[in-house]
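K.L.:
A single structure is presented below for examination.
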Amino acid sequence: MPSSSDSKFDMLLPTIIQRHRQQALLILQSSLCQSALPILREVVRQNATDEQKQTLLFCFLHPPSCIYDAPSETQNVAVHDHSEHIHVVIDSVNTILSDIGSPAETFKFIRDLKELVVSRSIDSHLTLHIQAPSPLLPFLIQTSFSSSLNHLIVHPPALLHYLATEYLSPPPPASPEAKFWGIFIPVSERISDVIRIVYGNGGEGSGGSEELIVEVVKAVERVLEGWDIKRSSAVELAEMSSLKASLGQPTATAPNPAQNLSFNLNLTTSQQEARAQVPLPYAHEGKPAEAQTPAAILYDPDSGDDIDDDDPDEDLDI
């Protein structure tokens with residue numbers, strides 16, 4: 001059985017965030033019910049610690065203090081143009097789209113920006129924060145735009161709890177992958193349904209959880225992983241406290257109605273043997289039924305019956 005450290009090593013989120021693999025584009029997708037800002041903070045923090053890389057943060061939606069807590073001794077350090085590797089972060093492309101007004105023109109701008117970034121060096125990359133639904137999203141996730149794309153989609157934990165309880169479809173390996181993704185993808189894409197699950201009756205609201213679910217889409221690979229906001233680290237789904245009620249606990253056994261009674265409903269061994277020897281009141285008592293004459297209907301017409309042996313439809317060519 002793999003250890004917890006081996007499990008963390010096999011997860012995709014730490015690898016993507018720490019940029020151990022050279023990927024040119026990272027898209028963080030938020031929704032109306034769950035923000036990807038905690039993961040964006042960790043992406044910026046991880047890349048800011050790289051002394052050989054310069055991070056350019058463009059904040060169009062959230063203030064810089066919500067994304068990066070710069071140490072006091074480095075807040076006034078000047079930017080040097082001789083940095084070879086750069087990491088460009090845009091928060092968010094929805095604001096750029098609202099300023100430009102056209103999804104096609106906005107996509108052209110982002111495409112030109114990506115080409116400038118990746119032409120700098122092989123270790124340079126671009127991180128985009130986008131909030132769904134957005135008409136720009138289909139342009140950004142197509143393989144022709146970037147063959148080395150990491151797409152992180154955040155979901156509220158209430159969505160998995162809802163699927164596990166209402167559809168009896170917990171995430172793999174508890175249920176088959178084809179069945180789970182066939183339910184999860186269409187439900188998660190229906191924004192109205194997710195809003196009802198989170199903010200409706202019985203929902204936890206926007207501030208009820210310190211964890212979130214991350215759908216990692218990488219080429220043909222698609223997995224679900226957890227994220228602990230307090231620790232700023234990836235976690236297994238089974239380790240998430242918000243999912244223990246629906247995923248982590250074993251199914252409770254049905255209560256025994258014969259317990260805590262003032263009389264005994266159980267049978268002893270001798271009573272069970274005696275009950276088994278009682279002949280059953282069946283007609284054949286286990287023997288095959290004898291062959292009988294096939295059933296028939298005998299009809300004797302009386303004087304009031306109007307019986308005509310002639311065929312009334314004999315003149316029809318049927």
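In the structure tokens, chains take letters A, B, ... by order of appearance, with residues numbered from 1 within each chain and ligands from 1 in the order shown.
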Could you produce a table of the residues of region 133-210 of chain A lying within 10 Å of region 217-236 of chain A, with the nearest pair of atoms per residue and their separation in Å rounded to one decimal, using only C-alpha atoms, ordered by chain and increasing residue number, as CSV?

P.N.:
```
residue,atom,partner,partner_atom,distance
A:Ile141,CA,A:Val217,CA,9.9
A:Thr143,CA,A:Ala219,CA,8.5
A:Ser147,CA,A:Ala219,CA,7.9
A:Ser148,CA,A:Ala219,CA,7.8
A:Leu149,CA,A:Lys218,CA,6.5
A:Asn150,CA,A:Lys218,CA,5.3
A:His151,CA,A:Val217,CA,5.1
A:Leu152,CA,A:Val217,CA,6.4
A:Ile153,CA,A:Val217,CA,7.9
A:Val154,CA,A:Trp227,CA,9.4
A:His155,CA,A:Gly226,CA,9.7
A:Pro157,CA,A:Gly226,CA,8.8
A:Pro171,CA,A:Leu224,CA,7.9
A:Pro172,CA,A:Leu224,CA,8.9
A:Glu177,CA,A:Val223,CA,9.8
A:Trp181,CA,A:Arg222,CA,9.2
A:Ser209,CA,A:Ile229,CA,9.1
A:Glu210,CA,A:Ile229,CA,5.6
```

K.L.:
Can those selected residues be exported to a file as a short mmCIF file (atom, residue, chain, number, x, y, z; two decimals), in the first residue's frame so that it contains N, CA and C atoms?

P.N.:
```
data_model
loop_
_atom_site.label_atom_id
_atom_site.label_comp_id
_atom_site.auth_asym_id
_atom_site.auth_seq_id
_atom_site.Cartn_x
_atom_site.Cartn_y
_atom_site.Cartn_z
N ILE A 141 -9.02 26.70 -24.48
CA ILE A 141 -8.76 25.30 -24.13
C ILE A 141 -8.60 24.42 -25.36
N THR A 143 -6.69 22.63 -28.41
CA THR A 143 -5.31 22.16 -28.53
C THR A 143 -4.51 22.96 -29.54
N SER A 147 -0.58 23.12 -27.15
CA SER A 147 -0.54 21.66 -26.99
C SER A 147 -0.08 21.25 -25.61
N SER A 148 0.56 22.16 -24.89
CA SER A 148 1.02 21.89 -23.52
C SER A 148 0.19 22.72 -22.56
N LEU A 149 -1.05 22.31 -22.38
CA LEU A 149 -2.00 23.06 -21.56
C LEU A 149 -2.33 22.29 -20.31
N ASN A 150 -2.31 22.99 -19.18
CA ASN A 150 -2.83 22.47 -17.91
C ASN A 150 -4.07 23.28 -17.56
N HIS A 151 -5.18 22.60 -17.43
CA HIS A 151 -6.46 23.26 -17.17
C HIS A 151 -6.96 22.80 -15.80
N LEU A 152 -7.02 23.73 -14.86
CA LEU A 152 -7.49 23.44 -13.50
C LEU A 152 -8.86 24.08 -13.30
N ILE A 153 -9.87 23.26 -13.04
CA ILE A 153 -11.24 23.73 -12.83
C ILE A 153 -11.60 23.46 -11.37
N VAL A 154 -11.97 24.48 -10.64
CA VAL A 154 -12.29 24.32 -9.22
C VAL A 154 -13.80 24.12 -9.05
N HIS A 155 -14.15 23.28 -8.09
CA HIS A 155 -15.54 22.97 -7.78
C HIS A 155 -15.74 23.00 -6.27
N PRO A 157 -16.88 21.44 -2.71
CA PRO A 157 -17.02 20.06 -2.23
C PRO A 157 -18.46 19.59 -2.16
N PRO A 171 -16.61 9.58 -6.39
CA PRO A 171 -15.53 9.61 -7.39
C PRO A 171 -14.77 8.30 -7.44
N PRO A 172 -14.12 8.00 -8.56
CA PRO A 172 -13.32 6.77 -8.67
C PRO A 172 -12.23 6.76 -7.60
N GLU A 177 -15.20 4.81 -13.62
CA GLU A 177 -14.87 6.13 -14.16
C GLU A 177 -15.87 6.58 -15.22
N TRP A 181 -17.84 10.13 -14.55
CA TRP A 181 -17.63 11.29 -15.42
C TRP A 181 -18.85 11.55 -16.29
N SER A 209 -16.78 26.09 3.63
CA SER A 209 -15.74 25.09 3.52
C SER A 209 -14.39 25.75 3.36
N GLU A 210 -13.38 25.13 3.94
CA GLU A 210 -12.00 25.58 3.79
C GLU A 210 -11.24 24.69 2.82
#
```

K.L.:
Just the helix (DSSP H, G or I) stuff from region 98-277 of chain A, please, per backbone DSSP, written as a count of residues only.

P.N.:
74

K.L.:
Identify which of the residues A:Ile90, A:Leu159, A:Ile67, A:Leu265 lies closest to Ile213 (chain A), counting only C-alpha atoms when measuring atom-to-atom distances.

P.N.:
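Checking each of A:Ile90, A:Leu159, A:Ile67, A:Leu265 against Ile213 (chain A), counting only C-alpha atoms, the winner is A:Leu159.
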
K.L.:
What's the 8 Å shell around Leu163 (chain A), counting only C-alpha atoms, without same-chain residues fewer than 6 positions away, as a VMD selection string?

P.N.:
chain A and resid 169 to 170 184

K.L.:
From the set A:Leu97, A:Ile39, A:Ile185, A:Leu247, which residue has the shortest atom-to-atom contact distance to Leu212 (chain A), counting only C-alpha atoms?

P.N.:
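Smallest distance to Leu212 (chain A) is found for A:Ile39.
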
K.L.:
I need the strand (DSSP E or B) residues of region 143-258 of chain A per DSSP on the backbone, written as JSON, numbers by chain.

P.N.:
{"A": [149, 150, 151, 152, 153, 154, 155, 211, 212, 213, 214, 215, 216, 217, 218, 221, 222, 223, 224, 225, 226, 227, 228, 233, 234, 235]}

K.L.:
Hey, what's within 8 Å of region 122-128 of chain A if we count only C-alpha atoms and toss same-chain stuff fewer than 3 positions away? As a PyMOL selection string, please?

P.N.:
chain A and resi 22-28+85-93+114+117-119

K.L.:
Restrict the selected residues to N, CA and C atoms and save them as a compact mmCIF listing (two decimals), in the first residue's frame.

P.N.:
```txt
# COMPACT_ATOMS: atom_id res chain seq x y z
N GLN A 22 7.78 21.32 -17.94
CA GLN A 22 7.75 22.56 -18.72
C GLN A 22 6.44 22.62 -19.50
N GLN A 23 5.56 23.48 -19.02
CA GLN A 23 4.27 23.69 -19.66
C GLN A 23 4.13 25.17 -19.95
N ALA A 24 3.68 25.47 -21.18
CA ALA A 24 3.65 26.86 -21.59
C ALA A 24 2.44 27.61 -21.07
N LEU A 25 1.35 26.90 -20.78
CA LEU A 25 0.10 27.59 -20.44
C LEU A 25 -0.59 26.88 -19.30
N LEU A 26 -1.07 27.66 -18.33
CA LEU A 26 -1.86 27.16 -17.21
C LEU A 26 -3.12 28.02 -17.12
N ILE A 27 -4.30 27.37 -17.12
CA ILE A 27 -5.57 28.07 -17.00
C ILE A 27 -6.23 27.66 -15.70
N LEU A 28 -6.53 28.63 -14.88
CA LEU A 28 -7.26 28.42 -13.63
C LEU A 28 -8.69 28.91 -13.84
N HIS A 85 14.09 34.06 -17.80
CA HIS A 85 12.84 33.33 -17.68
C HIS A 85 11.78 34.24 -17.04
N ILE A 86 10.59 34.24 -17.59
CA ILE A 86 9.52 35.07 -17.05
C ILE A 86 8.27 34.22 -16.86
N HIS A 87 7.48 34.63 -15.91
CA HIS A 87 6.17 34.01 -15.63
C HIS A 87 5.14 35.13 -15.59
N VAL A 88 4.24 35.11 -16.56
CA VAL A 88 3.23 36.16 -16.68
C VAL A 88 1.91 35.62 -16.13
N VAL A 89 1.33 36.37 -15.19
CA VAL A 89 0.07 35.98 -14.56
C VAL A 89 -0.95 37.08 -14.83
N ILE A 90 -2.13 36.69 -15.33
CA ILE A 90 -3.19 37.64 -15.62
C ILE A 90 -4.42 37.27 -14.81
N ASP A 91 -4.90 38.22 -14.01
CA ASP A 91 -6.10 38.05 -13.19
C ASP A 91 -7.03 39.25 -13.46
N SER A 92 -8.07 39.08 -14.21
CA SER A 92 -8.41 37.88 -14.94
C SER A 92 -8.69 38.28 -16.39
N VAL A 93 -8.78 37.26 -17.25
CA VAL A 93 -9.02 37.55 -18.66
C VAL A 93 -10.45 38.03 -18.91
N LYS A 114 1.03 35.08 -25.46
CA LYS A 114 1.64 33.77 -25.18
C LYS A 114 2.86 33.52 -26.07
N VAL A 117 5.75 35.34 -24.65
CA VAL A 117 6.25 34.75 -23.41
C VAL A 117 7.09 33.52 -23.70
N VAL A 118 6.56 32.60 -24.50
CA VAL A 118 7.28 31.35 -24.75
C VAL A 118 8.50 31.56 -25.62
N SER A 119 8.54 32.64 -26.39
CA SER A 119 9.73 32.91 -27.20
C SER A 119 10.89 33.40 -26.35
```

K.L.:
Measuring atom to atom with only C-alpha atoms, identify which of A:Leu136, A:Ile195, A:Val216, A:Cys66 is nearest to Ile100 (chain A).

P.N.:
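Between A:Leu136, A:Ile195, A:Val216, A:Cys66, the residue approaching Ile100 (chain A) most closely is A:Leu136.
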
K.L.:
Could you check how far CA of Phe139 (chain A) sits from CA of Leu32 (chain A), in Å to one decimal?

P.N.:
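That distance, rounded to one decimal, is 20.2 Å.
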
K.L.:
Go through A:Pro38, A:Lys244, A:Ser262, A:Ser31 and flag the residue nearest His161 (chain A), using only C-alpha atoms for the distances.

P.N.:
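For His161 (chain A), the nearest of the candidates is A:Lys244.
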
K.L.:
By how many Å are CA of Thr106 (chain A) and CA of Ile130 (chain A) apart?

P.N.:
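Between CA of Thr106 (chain A) and CA of Ile130 (chain A) the gap is 12.7 Å.
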
K.L.:
Could you work out how far CA of Ser242 (chain A) lies from CA of His129 (chain A), giving the answer in Å with one decimal?

P.N.:
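Result for CA of His129 (chain A) versus CA of Ser242 (chain A): 25.2 Å, one decimal.
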
K.L.:
Which neighbours of Val194 (chain A) fall inside 10 Å, counting only C-alpha atoms, when residues of the same chain fewer than 2 positions from it are skipped, and could you give them as a PyMOL selection string?

P.N.:
chain A and resi 31-34+155-156+158-159+162+187-192+196-200
